[in-house]
file entry-v1.csv (CSV, N, CA and C atoms)
chain,number,residue,atom,x,y,z
A,160,MET,N,-2.9,15.0,-1.5
A,160,MET,CA,-3.6,14.8,-2.7
A,160,MET,C,-5.1,14.4,-2.4
A,161,THR,N,-5.9,14.9,-3.3
A,161,THR,CA,-7.3,14.5,-3.2
A,161,THR,C,-7.8,14.0,-4.5
A,162,GLU,N,-8.7,13.1,-4.5
A,162,GLU,CA,-9.3,12.5,-5.7
A,162,GLU,C,-10.8,12.5,-5.6
A,163,PRO,N,-11.5,13.0,-6.6
A,163,PRO,CA,-13.0,12.9,-6.5
A,163,PRO,C,-13.3,11.4,-6.5
A,164,HIS,N,-14.1,11.0,-5.6
A,164,HIS,CA,-14.4,9.6,-5.4
A,164,HIS,C,-15.9,9.5,-4.8
A,165,HIS,N,-16.7,8.9,-5.7
A,165,HIS,CA,-18.1,8.8,-5.3
A,165,HIS,C,-18.7,10.1,-4.8
A,166,GLY,N,-18.5,11.2,-5.4
A,166,GLY,CA,-19.1,12.4,-5.1
A,166,GLY,C,-18.4,13.2,-3.9
A,167,LYS,N,-17.3,12.7,-3.4
A,167,LYS,CA,-16.6,13.4,-2.3
A,167,LYS,C,-15.1,13.3,-2.5
A,168,CYS,N,-14.4,14.1,-1.8
A,168,CYS,CA,-12.9,14.0,-1.9
A,168,CYS,C,-12.4,13.2,-0.7
A,169,VAL,N,-11.4,12.4,-1.0
A,169,VAL,CA,-10.8,11.6,0.0
A,169,VAL,C,-9.3,11.8,-0.1
A,170,SER,N,-8.6,11.5,1.0
A,170,SER,CA,-7.1,11.7,1.0
A,170,SER,C,-6.5,10.6,0.2
A,171,GLY,N,-5.3,10.9,-0.3
A,171,GLY,CA,-4.5,9.9,-1.1
A,171,GLY,C,-3.2,9.7,-0.4
A,172,ILE,N,-2.6,8.5,-0.6
A,172,ILE,CA,-1.3,8.1,-0.1
A,172,ILE,C,-0.4,8.0,-1.3
A,173,PHE,N,0.8,8.6,-1.3
A,173,PHE,CA,1.8,8.5,-2.4
A,173,PHE,C,3.0,7.8,-1.8
A,174,LEU,N,3.4,6.7,-2.5
A,174,LEU,CA,4.5,5.9,-2.1
A,174,LEU,C,5.5,5.8,-3.2
A,175,THR,N,6.8,5.8,-2.9
A,175,THR,CA,7.8,5.5,-4.0
A,175,THR,C,8.3,4.1,-3.7
A,176,PHE,N,8.7,3.5,-4.8
A,176,PHE,CA,9.2,2.1,-4.8
A,176,PHE,C,10.5,2.1,-5.6
A,177,SER,N,11.2,1.0,-5.4
A,177,SER,CA,12.5,0.9,-6.0
A,177,SER,C,12.4,0.0,-7.2
A,178,GLY,N,11.7,0.4,-8.2
A,178,GLY,CA,11.5,-0.3,-9.4
A,178,GLY,C,10.5,-1.4,-9.4
A,179,ASN,N,9.7,-1.5,-8.3
A,179,ASN,CA,8.6,-2.5,-8.3
A,179,ASN,C,7.3,-1.9,-8.0
A,180,CYS,N,7.0,-0.7,-8.4
A,180,CYS,CA,5.8,0.0,-8.2
A,180,CYS,C,4.6,-0.8,-8.8
A,181,LYS,N,4.8,-1.3,-10.0
A,181,LYS,CA,3.7,-2.0,-10.7
A,181,LYS,C,3.3,-3.3,-9.9
A,182,GLU,N,4.4,-4.0,-9.4
A,182,GLU,CA,4.1,-5.2,-8.6
A,182,GLU,C,3.4,-4.9,-7.3
A,183,ALA,N,3.9,-3.8,-6.7
A,183,ALA,CA,3.3,-3.4,-5.4
A,183,ALA,C,1.9,-3.0,-5.5
A,184,LEU,N,1.5,-2.1,-6.4
A,184,LEU,CA,0.1,-1.7,-6.5
A,184,LEU,C,-0.8,-2.8,-7.1
A,185,THR,N,-0.2,-3.7,-7.9
A,185,THR,CA,-1.0,-4.8,-8.3
A,185,THR,C,-1.3,-5.7,-7.1
A,186,PHE,N,-0.4,-5.9,-6.2
A,186,PHE,CA,-0.6,-6.6,-5.0
A,186,PHE,C,-1.6,-5.9,-4.1
A,187,TYR,N,-1.5,-4.6,-3.9
A,187,TYR,CA,-2.5,-3.9,-3.1
A,187,TYR,C,-3.9,-4.0,-3.7
A,188,GLN,N,-4.0,-4.1,-5.0
A,188,GLN,CA,-5.3,-4.3,-5.7
A,188,GLN,C,-5.9,-5.6,-5.2
A,189,THR,N,-5.1,-6.6,-5.0
A,189,THR,CA,-5.7,-7.9,-4.5
A,189,THR,C,-6.2,-7.8,-3.1
A,190,CYS,N,-5.6,-6.8,-2.4
A,190,CYS,CA,-6.1,-6.6,-1.0
A,190,CYS,C,-7.3,-5.7,-0.9
A,191,PHE,N,-7.4,-4.7,-1.7
A,191,PHE,CA,-8.4,-3.6,-1.5
A,191,PHE,C,-9.4,-3.6,-2.7
A,192,GLY,N,-9.1,-4.3,-3.8
A,192,GLY,CA,-9.9,-4.2,-5.0
A,192,GLY,C,-9.7,-2.8,-5.6
A,193,GLY,N,-10.6,-2.4,-6.5
A,193,GLY,CA,-10.5,-1.1,-7.1
A,193,GLY,C,-9.9,-1.1,-8.5
A,194,THR,N,-9.7,0.1,-9.0
A,194,THR,CA,-9.2,0.4,-10.4
A,194,THR,C,-7.8,0.8,-10.3
A,195,LEU,N,-7.0,0.2,-11.2
A,195,LEU,CA,-5.5,0.4,-11.2
A,195,LEU,C,-5.2,1.1,-12.5
A,196,ARG,N,-4.3,2.1,-12.5
A,196,ARG,CA,-3.9,2.8,-13.7
A,196,ARG,C,-2.4,3.1,-13.6
A,197,PHE,N,-1.7,2.8,-14.7
A,197,PHE,CA,-0.2,3.1,-14.7
A,197,PHE,C,0.2,4.0,-15.9
A,198,GLU,N,1.1,4.9,-15.6
A,198,GLU,CA,1.7,5.7,-16.7
A,198,GLU,C,3.2,5.4,-16.6
A,199,THR,N,3.8,4.9,-17.7
A,199,THR,CA,5.2,4.5,-17.8
A,199,THR,C,5.9,5.4,-18.8
A,200,PHE,N,7.3,5.4,-18.7
A,200,PHE,CA,8.1,6.0,-19.8
A,200,PHE,C,7.8,5.2,-21.1
A,201,GLU,N,7.9,5.9,-22.2
A,201,GLU,CA,7.8,5.3,-23.5
A,201,GLU,C,8.9,4.3,-23.8
A,202,THR,N,10.1,4.7,-23.3
A,202,THR,CA,11.3,3.8,-23.5
A,202,THR,C,11.8,3.5,-22.1
A,203,GLY,N,12.8,2.6,-22.1
A,203,GLY,CA,13.5,2.2,-20.9
A,203,GLY,C,14.3,3.4,-20.3
A,204,LEU,N,14.7,3.2,-19.1
A,204,LEU,CA,15.5,4.2,-18.4
A,204,LEU,C,16.6,3.5,-17.7
A,205,LYS,N,17.8,4.1,-17.9
A,205,LYS,CA,19.0,3.5,-17.3
A,205,LYS,C,18.8,3.2,-15.8
A,206,GLY,N,19.2,2.0,-15.5
A,206,GLY,CA,19.1,1.6,-14.1
A,206,GLY,C,17.8,0.8,-13.7
A,207,TYR,N,16.9,0.7,-14.7
A,207,TYR,CA,15.6,0.0,-14.5
A,207,TYR,C,15.5,-1.1,-15.4
A,208,ALA,N,15.1,-2.3,-14.9
A,208,ALA,CA,15.0,-3.5,-15.7
A,208,ALA,C,13.8,-3.3,-16.7
A,209,GLU,N,12.7,-2.7,-16.3
A,209,GLU,CA,11.6,-2.5,-17.2
A,209,GLU,C,11.3,-1.0,-17.3
A,210,LYS,N,10.4,-0.6,-18.1
A,210,LYS,CA,10.0,0.8,-18.2
A,210,LYS,C,9.5,1.2,-16.8
A,211,PRO,N,10.1,2.2,-16.2
A,211,PRO,CA,9.7,2.6,-14.9
A,211,PRO,C,8.3,3.3,-14.9
A,212,VAL,N,7.6,3.1,-13.8
A,212,VAL,CA,6.3,3.7,-13.6
A,212,VAL,C,6.5,5.2,-13.2
A,213,VAL,N,6.0,6.1,-13.9
A,213,VAL,CA,6.1,7.5,-13.6
A,213,VAL,C,5.0,7.9,-12.5
A,214,ASN,N,3.8,7.4,-12.8
A,214,ASN,CA,2.7,7.6,-11.9
A,214,ASN,C,1.7,6.5,-12.0
A,215,ALA,N,1.3,6.0,-10.8
A,215,ALA,CA,0.3,5.0,-10.8
A,215,ALA,C,-0.8,5.3,-9.8
A,216,SER,N,-2.0,4.8,-10.0
A,216,SER,CA,-3.0,5.0,-9.0
A,216,SER,C,-3.9,3.7,-8.8
A,217,LEU,N,-4.3,3.5,-7.5
A,217,LEU,CA,-5.2,2.5,-7.2
A,217,LEU,C,-6.3,3.2,-6.4
A,218,ILE,N,-7.5,3.2,-7.0
A,218,ILE,CA,-8.7,3.8,-6.4
A,218,ILE,C,-9.7,2.7,-6.1
A,219,SER,N,-10.0,2.6,-4.8
A,219,SER,CA,-11.0,1.6,-4.4
A,219,SER,C,-12.0,2.3,-3.4
A,220,ASP,N,-13.0,1.6,-2.9
A,220,ASP,CA,-13.9,2.2,-2.0
A,220,ASP,C,-13.3,2.5,-0.6
A,221,THR,N,-12.1,1.9,-0.3
A,221,THR,CA,-11.6,2.1,1.0
A,221,THR,C,-10.2,2.9,1.0
A,222,ILE,N,-9.6,3.0,-0.2
A,222,ILE,CA,-8.3,3.6,-0.2
A,222,ILE,C,-8.0,4.2,-1.5
A,223,CYS,N,-7.2,5.3,-1.6
A,223,CYS,CA,-6.7,5.9,-2.8
A,223,CYS,C,-5.1,5.9,-2.6
A,224,MET,N,-4.5,5.0,-3.4
A,224,MET,CA,-3.0,4.9,-3.4
A,224,MET,C,-2.4,5.4,-4.7
A,225,TYR,N,-1.3,6.1,-4.6
A,225,TYR,CA,-0.6,6.6,-5.7
A,225,TYR,C,0.9,6.2,-5.5
A,226,GLY,N,1.6,5.9,-6.6
A,226,GLY,CA,2.9,5.5,-6.5
A,226,GLY,C,3.8,5.8,-7.7
A,227,SER,N,5.1,5.6,-7.6
A,227,SER,CA,6.0,5.8,-8.7
A,227,SER,C,7.3,5.0,-8.4
A,228,ASP,N,8.0,4.7,-9.5
A,228,ASP,CA,9.3,4.1,-9.4
A,228,ASP,C,10.4,5.2,-9.2
A,229,LEU,N,10.0,6.4,-9.5
A,229,LEU,CA,11.0,7.5,-9.5
A,229,LEU,C,11.1,8.0,-8.1
A,230,VAL,N,12.4,8.0,-7.6
A,230,VAL,CA,12.6,8.4,-6.2
A,230,VAL,C,13.4,9.7,-6.2
A,231,HIS,N,13.5,10.3,-5.0
A,231,HIS,CA,14.3,11.6,-4.9
A,231,HIS,C,15.7,11.3,-5.1
A,232,ASN,N,16.5,12.3,-5.3
A,232,ASN,CA,17.9,12.2,-5.6
A,232,ASN,C,18.7,11.4,-4.5
A,233,GLU,N,18.2,11.5,-3.3
A,233,GLU,CA,18.9,10.8,-2.2
A,233,GLU,C,18.5,9.4,-2.1
A,234,GLY,N,17.6,8.9,-2.9
A,234,GLY,CA,17.2,7.5,-2.9
A,234,GLY,C,16.0,7.3,-2.0
A,235,ARG,N,15.6,6.1,-2.0
A,235,ARG,CA,14.5,5.6,-1.1
A,235,ARG,C,15.0,5.2,0.2
A,236,ILE,N,14.6,5.9,1.3
A,236,ILE,CA,15.1,5.6,2.6
A,236,ILE,C,13.9,5.2,3.5
A,237,LEU,N,14.0,4.0,4.0
A,237,LEU,CA,12.9,3.4,4.8
A,237,LEU,C,13.1,4.0,6.2
A,238,GLY,N,11.9,4.3,6.9
A,238,GLY,CA,12.0,4.8,8.2
A,238,GLY,C,10.8,4.3,9.0
A,239,ASN,N,10.8,4.6,10.3
A,239,ASN,CA,9.7,4.1,11.1
A,239,ASN,C,8.8,5.3,11.6
A,240,TYR,N,8.9,6.4,10.9
A,240,TYR,CA,8.2,7.6,11.3
A,240,TYR,C,6.9,7.7,10.6
A,241,MET,N,6.6,6.8,9.7
A,241,MET,CA,5.4,6.9,8.9
A,241,MET,C,4.7,5.6,8.7
A,242,ALA,N,3.4,5.6,8.8
A,242,ALA,CA,2.6,4.3,8.6
A,242,ALA,C,1.3,4.8,8.0
A,243,ILE,N,0.7,3.9,7.2
A,243,ILE,CA,-0.7,4.1,6.7
A,243,ILE,C,-1.7,3.7,7.7
A,244,PHE,N,-2.5,4.6,8.1
A,244,PHE,CA,-3.6,4.4,9.1
A,244,PHE,C,-4.8,3.9,8.3
A,245,MET,N,-5.3,2.8,8.7
A,245,MET,CA,-6.5,2.2,7.9
A,245,MET,C,-7.5,1.8,8.9
A,246,PRO,N,-8.6,2.5,9.0
A,246,PRO,CA,-9.8,2.1,9.8
A,246,PRO,C,-10.5,0.9,9.2
A,247,CYS,N,-10.8,-0.1,10.0
A,247,CYS,CA,-11.5,-1.3,9.6
A,247,CYS,C,-12.9,-1.4,10.3
A,248,LYS,N,-13.9,-1.9,9.6
A,248,LYS,CA,-15.3,-1.9,10.1
A,248,LYS,C,-15.4,-2.8,11.4
A,249,ASN,N,-14.6,-3.9,11.4
A,249,ASN,CA,-14.7,-4.8,12.6
A,249,ASN,C,-13.4,-5.7,12.6
A,250,VAL,N,-13.3,-6.6,13.6
A,250,VAL,CA,-12.2,-7.4,13.7
A,250,VAL,C,-12.1,-8.4,12.6
A,251,ALA,N,-13.2,-8.9,12.1
A,251,ALA,CA,-13.1,-9.9,11.0
A,251,ALA,C,-12.6,-9.3,9.7
A,252,VAL,N,-13.0,-8.0,9.4
A,252,VAL,CA,-12.5,-7.3,8.2
A,252,VAL,C,-11.0,-7.1,8.4
A,253,ARG,N,-10.6,-6.7,9.6
A,253,ARG,CA,-9.2,-6.4,9.8
A,253,ARG,C,-8.4,-7.7,9.7
A,254,ARG,N,-8.8,-8.8,10.2
A,254,ARG,CA,-8.1,-10.0,10.2
A,254,ARG,C,-7.9,-10.4,8.7
A,255,GLU,N,-8.9,-10.3,7.9
A,255,GLU,CA,-8.8,-10.6,6.5
A,255,GLU,C,-7.8,-9.7,5.8
A,256,LEU,N,-7.8,-8.4,6.1
A,256,LEU,CA,-6.8,-7.5,5.5
A,256,LEU,C,-5.4,-7.9,5.9
A,257,ILE,N,-5.2,-8.2,7.2
A,257,ILE,CA,-3.9,-8.6,7.7
A,257,ILE,C,-3.4,-9.8,6.9
A,258,GLN,N,-4.3,-10.8,6.7
A,258,GLN,CA,-3.9,-12.0,6.0
A,258,GLN,C,-3.5,-11.7,4.5
A,259,LYS,N,-4.2,-10.7,3.9
A,259,LYS,CA,-3.9,-10.3,2.6
A,259,LYS,C,-2.5,-9.6,2.5
A,260,LEU,N,-2.4,-8.6,3.4
A,260,LEU,CA,-1.1,-7.8,3.4
A,260,LEU,C,0.1,-8.6,3.8
A,261,GLU,N,-0.1,-9.6,4.6
A,261,GLU,CA,1.0,-10.4,5.1
A,261,GLU,C,1.2,-11.7,4.3
A,262,VAL,N,0.6,-11.8,3.1
A,262,VAL,CA,0.8,-13.0,2.3
A,262,VAL,C,2.2,-13.3,2.0
A,263,ASN,N,2.7,-14.5,2.1
A,263,ASN,CA,4.1,-14.9,1.9
A,263,ASN,C,5.0,-14.4,3.0
A,264,LYS,N,4.4,-14.0,4.2
A,264,LYS,CA,5.2,-13.7,5.3
A,264,LYS,C,4.9,-14.7,6.4
A,265,PRO,N,5.8,-14.9,7.4
A,265,PRO,CA,5.5,-15.8,8.5
A,265,PRO,C,4.3,-15.3,9.3
A,266,VAL,N,3.4,-16.2,9.7
A,266,VAL,CA,2.2,-15.9,10.5
A,266,VAL,C,2.5,-16.1,11.9
A,267,PHE,N,2.3,-15.1,12.7
A,267,PHE,CA,2.5,-15.1,14.2
A,267,PHE,C,1.2,-15.5,14.8
A,268,LEU,N,1.2,-16.8,15.4
A,268,LEU,CA,-0.1,-17.3,16.0
A,268,LEU,C,-0.4,-16.6,17.3
A,269,SER,N,0.5,-15.9,17.9
A,269,SER,CA,0.3,-15.3,19.2
A,269,SER,C,-0.4,-13.9,19.0
A,270,ARG,N,-0.7,-13.4,17.8
A,270,ARG,CA,-1.2,-12.1,17.6
A,270,ARG,C,-2.6,-12.0,18.2
A,271,ASN,N,-2.9,-11.0,18.9
A,271,ASN,CA,-4.2,-10.7,19.5
A,271,ASN,C,-5.0,-9.8,18.6
A,272,TYR,N,-5.9,-10.4,17.8
A,272,TYR,CA,-6.7,-9.6,16.8
A,272,TYR,C,-7.7,-8.7,17.5
A,273,ASP,N,-7.9,-8.8,18.8
A,273,ASP,CA,-8.9,-8.0,19.4
A,273,ASP,C,-8.4,-6.6,19.9
A,274,GLU,N,-7.1,-6.4,19.8
A,274,GLU,CA,-6.5,-5.1,20.1
A,274,GLU,C,-7.0,-4.0,19.2
A,275,LYS,N,-7.2,-2.8,19.7
A,275,LYS,CA,-7.7,-1.7,18.9
A,275,LYS,C,-6.8,-1.4,17.7
A,276,LEU,N,-5.5,-1.3,18.0
A,276,LEU,CA,-4.5,-1.0,17.0
A,276,LEU,C,-3.6,-2.2,16.8
A,277,ILE,N,-3.4,-2.5,15.5
A,277,ILE,CA,-2.4,-3.5,15.2
A,277,ILE,C,-1.5,-2.9,14.1
A,278,GLU,N,-0.2,-3.0,14.3
A,278,GLU,CA,0.8,-2.5,13.3
A,278,GLU,C,1.4,-3.7,12.6
A,279,ILE,N,1.5,-3.6,11.2
A,279,ILE,CA,2.2,-4.7,10.5
A,279,ILE,C,3.0,-4.0,9.4
A,280,THR,N,3.9,-4.7,8.9
A,280,THR,CA,4.8,-4.3,7.7
A,280,THR,C,4.6,-5.3,6.6
A,281,ASP,N,4.3,-4.8,5.4
A,281,ASP,CA,4.1,-5.8,4.3
A,281,ASP,C,5.4,-6.1,3.6
A,282,ARG,N,5.3,-6.9,2.6
A,282,ARG,CA,6.5,-7.3,1.9
A,282,ARG,C,7.2,-6.2,1.1
A,283,PHE,N,6.6,-5.0,1.0
A,283,PHE,CA,7.2,-3.9,0.3
A,283,PHE,C,7.7,-2.9,1.3
A,284,ASP,N,7.8,-3.3,2.6
A,284,ASP,CA,8.3,-2.5,3.7
A,284,ASP,C,7.4,-1.3,3.9
A,285,VAL,N,6.1,-1.4,3.6
A,285,VAL,CA,5.2,-0.3,3.9
A,285,VAL,C,4.5,-0.7,5.3
A,286,ARG,N,4.5,0.2,6.2
A,286,ARG,CA,3.9,0.0,7.5
A,286,ARG,C,2.5,0.4,7.5
A,287,TRP,N,1.7,-0.4,8.2
A,287,TRP,CA,0.2,-0.2,8.3
A,287,TRP,C,-0.2,-0.2,9.7
A,288,VAL,N,-1.0,0.7,10.1
A,288,VAL,CA,-1.7,0.7,11.4
A,288,VAL,C,-3.1,0.5,11.2
A,289,LEU,N,-3.6,-0.7,11.6
A,289,LEU,CA,-5.0,-1.1,11.3
A,289,LEU,C,-5.8,-0.9,12.6
A,290,TYR,N,-6.9,-0.2,12.5
A,290,TYR,CA,-7.7,0.2,13.7
A,290,TYR,C,-9.1,-0.3,13.5
A,291,PHE,N,-9.8,-0.7,14.6
A,291,PHE,CA,-11.2,-0.9,14.5
A,291,PHE,C,-11.9,-0.3,15.7
call {"tool": "encode", "arguments": {"input": "entry-v1.csv", "output": "structure tokens"}}
result
Amino acid sequence: MTEPHHGKCVSGIFLTFSGNCKEALTFYQTCFGGTLRFETFETGLKGYAEKPVVNASLISDTICMYGSDLVHNEGRILGNYMAIFMPCKNVAVRRELIQKLEVNKPVFLSRNYDEKLIEITDRFDVRWVLYF
């Protein structure tokens, strides 16, 4: 997916969630800033507590994320074969992003923030590879 963004096209990430798309993208907005937009069903859908999100987008200066509560027929399957690669300007920016993404998760004091690549998993089971 591409999205016109500040006069250029950038790649987008599409994620499916298990009924918590609105919560997840609202959380990511606190991490990256940007503009959030949701499209939901007009009425409820069997198996969902709230009106499910059909399509959502978070567009910021650093990332374009898209998501939905609607999953494939086989369901949402977590795997370790995919992660979101996020370049960071420097160690301080990356440290701040790690703290935001890992909010409400245990902090590991032994983490070496000077490593070129750090992989983390956020509370929505999304894997991130943060590079500087």
call {"tool": "atom_distance", "arguments": {"input": "entry-v1.csv", "atom1": "CA of Phe176 (chain A)", "atom2": "CA of Val288 (chain A)"}}
result
19.6 Å
call {"tool": "residues_around", "arguments": {"input": "entry-v1.csv", "residues": "Thr202 (chain A)", "least_positions_apart": "6", "cutoff": "7 Å", "atoms": "all atoms listed in the file", "output": "MDAnalysis selection string"}}
result
chainID A and resid 209:211
call {"tool": "write_last_selection", "arguments": {"input": "entry-v1.csv", "atoms": "N, CA and C atoms", "output": "compact mmCIF listing (two decimals), in the frame of the given file"}}
result
# COMPACT_ATOMS: atom_id res chain seq x y z
N GLU A 209 12.70 -2.70 -16.30
CA GLU A 209 11.60 -2.50 -17.20
C GLU A 209 11.30 -1.00 -17.30
N LYS A 210 10.40 -0.60 -18.10
CA LYS A 210 10.00 0.80 -18.20
C LYS A 210 9.50 1.20 -16.80
N PRO A 211 10.10 2.20 -16.20
CA PRO A 211 9.70 2.60 -14.90
C PRO A 211 8.30 3.30 -14.90
call {"tool": "closest_residue", "arguments": {"input": "entry-v1.csv", "among": "A:Thr199, A:Ser227, A:Thr194, A:Thr189", "to": "Gln258 (chain A)", "atoms": "only C-alpha atoms"}}
result
A:Thr189
call {"tool": "residues_near_point", "arguments": {"input": "entry-v1.csv", "point": "(-9.0, 4.3, 15.0)", "cutoff": "7 Å", "atoms": "only N, CA and C atoms", "output": "JSON, numbers by chain"}}
result
{"A": [245, 246, 247, 275, 289, 290, 291]}
call {"tool": "atom_distance", "arguments": {"input": "entry-v1.csv", "atom1": "CA of Tyr272 (chain A)", "atom2": "atom C of Ala251 (chain A)"}}
result
9.2 Å
call {"tool": "atom_distance", "arguments": {"input": "entry-v1.csv", "atom1": "CA of Ile243 (chain A)", "atom2": "CA of Arg286 (chain A)"}}
result
6.2 Å
call {"tool": "closest_residue", "arguments": {"input": "entry-v1.csv", "among": "A:Asp281, A:Ser219, A:Gly203, A:Leu229", "to": "Asn179 (chain A)", "atoms": "only C-alpha atoms"}}
result
A:Leu229
call {"tool": "select_by_dssp", "arguments": {"input": "entry-v1.csv", "residues": "region 186-248 of chain A", "states": "alpha helix (DSSP H)", "output": "PyMOL selection string"}}
result
chain A and resi 186-191
call {"tool": "axis_aligned_box", "arguments": {"input": "entry-v1.csv", "around": "region 211-229 of chain A", "padding_each_side": "5 Å", "output": "AutoDock Vina command-line options"}}
result
--center_x -1.4 --center_y 4.8 --center_z -7.6 --size_x 35.0 --size_y 16.4 --size_z 27.2
call {"tool": "closest_residue", "arguments": {"input": "entry-v1.csv", "among": "A:Ile277, A:Asn271, A:Gly226, A:Phe283", "to": "Val213 (chain A)", "atoms": "only N, CA and C atoms"}}
result
A:Gly226
call {"tool": "closest_residue", "arguments": {"input": "entry-v1.csv", "among": "A:Ala242, A:Leu174, A:Leu260, A:Val212", "to": "Tyr187 (chain A)", "atoms": "only N, CA and C atoms"}}
result
A:Leu260
call {"tool": "closest_residue", "arguments": {"input": "entry-v1.csv", "among": "A:Lys259, A:Trp287, A:Lys248, A:Thr221", "to": "Phe186 (chain A)", "atoms": "only N, CA and C atoms"}}
result
A:Lys259
call {"tool": "select_by_dssp", "arguments": {"input": "entry-v1.csv", "residues": "region 172-291 of chain A", "states": "strand (DSSP E)", "output": "number ranges by chain"}}
result
A: 172-175, 194-199, 212-218, 223-227, 243-246, 276-280, 286-290
call {"tool": "closest_residue", "arguments": {"input": "entry-v1.csv", "among": "A:Val262, A:Met241, A:Val285, A:Ile172", "to": "Met224 (chain A)", "atoms": "only N, CA and C atoms"}}
result
A:Ile172
call {"tool": "decode", "arguments": {"input": "entry-v1.csv", "residues": "region 199-214 of chain A", "atoms": "N, CA and C atoms", "output": "PDB file, in the first residue's frame"}}
result
ATOM      1  N   THR A 199     -16.124   2.062  10.613  1.00  0.00           N
ATOM      2  CA  THR A 199     -16.715   0.923  11.311  1.00  0.00           C
ATOM      3  C   THR A 199     -18.013   0.514  10.626  1.00  0.00           C
ATOM      4  N   PHE A 200     -18.487  -0.700  10.969  1.00  0.00           N
ATOM      5  CA  PHE A 200     -19.802  -1.118  10.512  1.00  0.00           C
ATOM      6  C   PHE A 200     -20.841  -0.194  11.121  1.00  0.00           C
ATOM      7  N   GLU A 201     -21.929   0.019  10.432  1.00  0.00           N
ATOM      8  CA  GLU A 201     -23.014   0.852  10.952  1.00  0.00           C
ATOM      9  C   GLU A 201     -23.698   0.175  12.130  1.00  0.00           C
ATOM     10  N   THR A 202     -23.779  -1.132  12.091  1.00  0.00           N
ATOM     11  CA  THR A 202     -24.401  -1.890  13.173  1.00  0.00           C
ATOM     12  C   THR A 202     -23.371  -2.872  13.719  1.00  0.00           C
ATOM     13  N   GLY A 203     -23.719  -3.493  14.829  1.00  0.00           N
ATOM     14  CA  GLY A 203     -22.825  -4.491  15.414  1.00  0.00           C
ATOM     15  C   GLY A 203     -22.691  -5.712  14.522  1.00  0.00           C
ATOM     16  N   LEU A 204     -21.733  -6.539  14.835  1.00  0.00           N
ATOM     17  CA  LEU A 204     -21.488  -7.760  14.077  1.00  0.00           C
ATOM     18  C   LEU A 204     -21.346  -8.903  15.077  1.00  0.00           C
ATOM     19  N   LYS A 205     -21.968 -10.028  14.786  1.00  0.00           N
ATOM     20  CA  LYS A 205     -21.936 -11.174  15.698  1.00  0.00           C
ATOM     21  C   LYS A 205     -20.490 -11.545  16.026  1.00  0.00           C
ATOM     22  N   GLY A 206     -20.230 -11.729  17.304  1.00  0.00           N
ATOM     23  CA  GLY A 206     -18.892 -12.105  17.750  1.00  0.00           C
ATOM     24  C   GLY A 206     -18.021 -10.932  18.168  1.00  0.00           C
ATOM     25  N   TYR A 207     -18.526  -9.701  18.010  1.00  0.00           N
ATOM     26  CA  TYR A 207     -17.765  -8.509  18.378  1.00  0.00           C
ATOM     27  C   TYR A 207     -18.527  -7.739  19.450  1.00  0.00           C
ATOM     28  N   ALA A 208     -17.809  -7.313  20.482  1.00  0.00           N
ATOM     29  CA  ALA A 208     -18.437  -6.562  21.573  1.00  0.00           C
ATOM     30  C   ALA A 208     -18.890  -5.182  21.102  1.00  0.00           C
ATOM     31  N   GLU A 209     -18.089  -4.543  20.265  1.00  0.00           N
ATOM     32  CA  GLU A 209     -18.415  -3.222  19.720  1.00  0.00           C
ATOM     33  C   GLU A 209     -18.515  -3.326  18.208  1.00  0.00           C
ATOM     34  N   LYS A 210     -18.855  -2.217  17.577  1.00  0.00           N
ATOM     35  CA  LYS A 210     -18.862  -2.191  16.116  1.00  0.00           C
ATOM     36  C   LYS A 210     -17.432  -2.413  15.634  1.00  0.00           C
ATOM     37  N   PRO A 211     -17.186  -3.449  14.833  1.00  0.00           N
ATOM     38  CA  PRO A 211     -15.816  -3.724  14.407  1.00  0.00           C
ATOM     39  C   PRO A 211     -15.297  -2.666  13.424  1.00  0.00           C
ATOM     40  N   VAL A 212     -14.009  -2.454  13.489  1.00  0.00           N
ATOM     41  CA  VAL A 212     -13.340  -1.540  12.571  1.00  0.00           C
ATOM     42  C   VAL A 212     -13.110  -2.276  11.253  1.00  0.00           C
ATOM     43  N   VAL A 213     -13.651  -1.715  10.178  1.00  0.00           N
ATOM     44  CA  VAL A 213     -13.454  -2.287   8.849  1.00  0.00           C
ATOM     45  C   VAL A 213     -12.086  -1.877   8.331  1.00  0.00           C
ATOM     46  N   ASN A 214     -11.772  -0.603   8.485  1.00  0.00           N
ATOM     47  CA  ASN A 214     -10.499  -0.075   8.027  1.00  0.00           C
ATOM     48  C   ASN A 214     -10.133   1.108   8.913  1.00  0.00           C
TER      49      ASN A 214
END
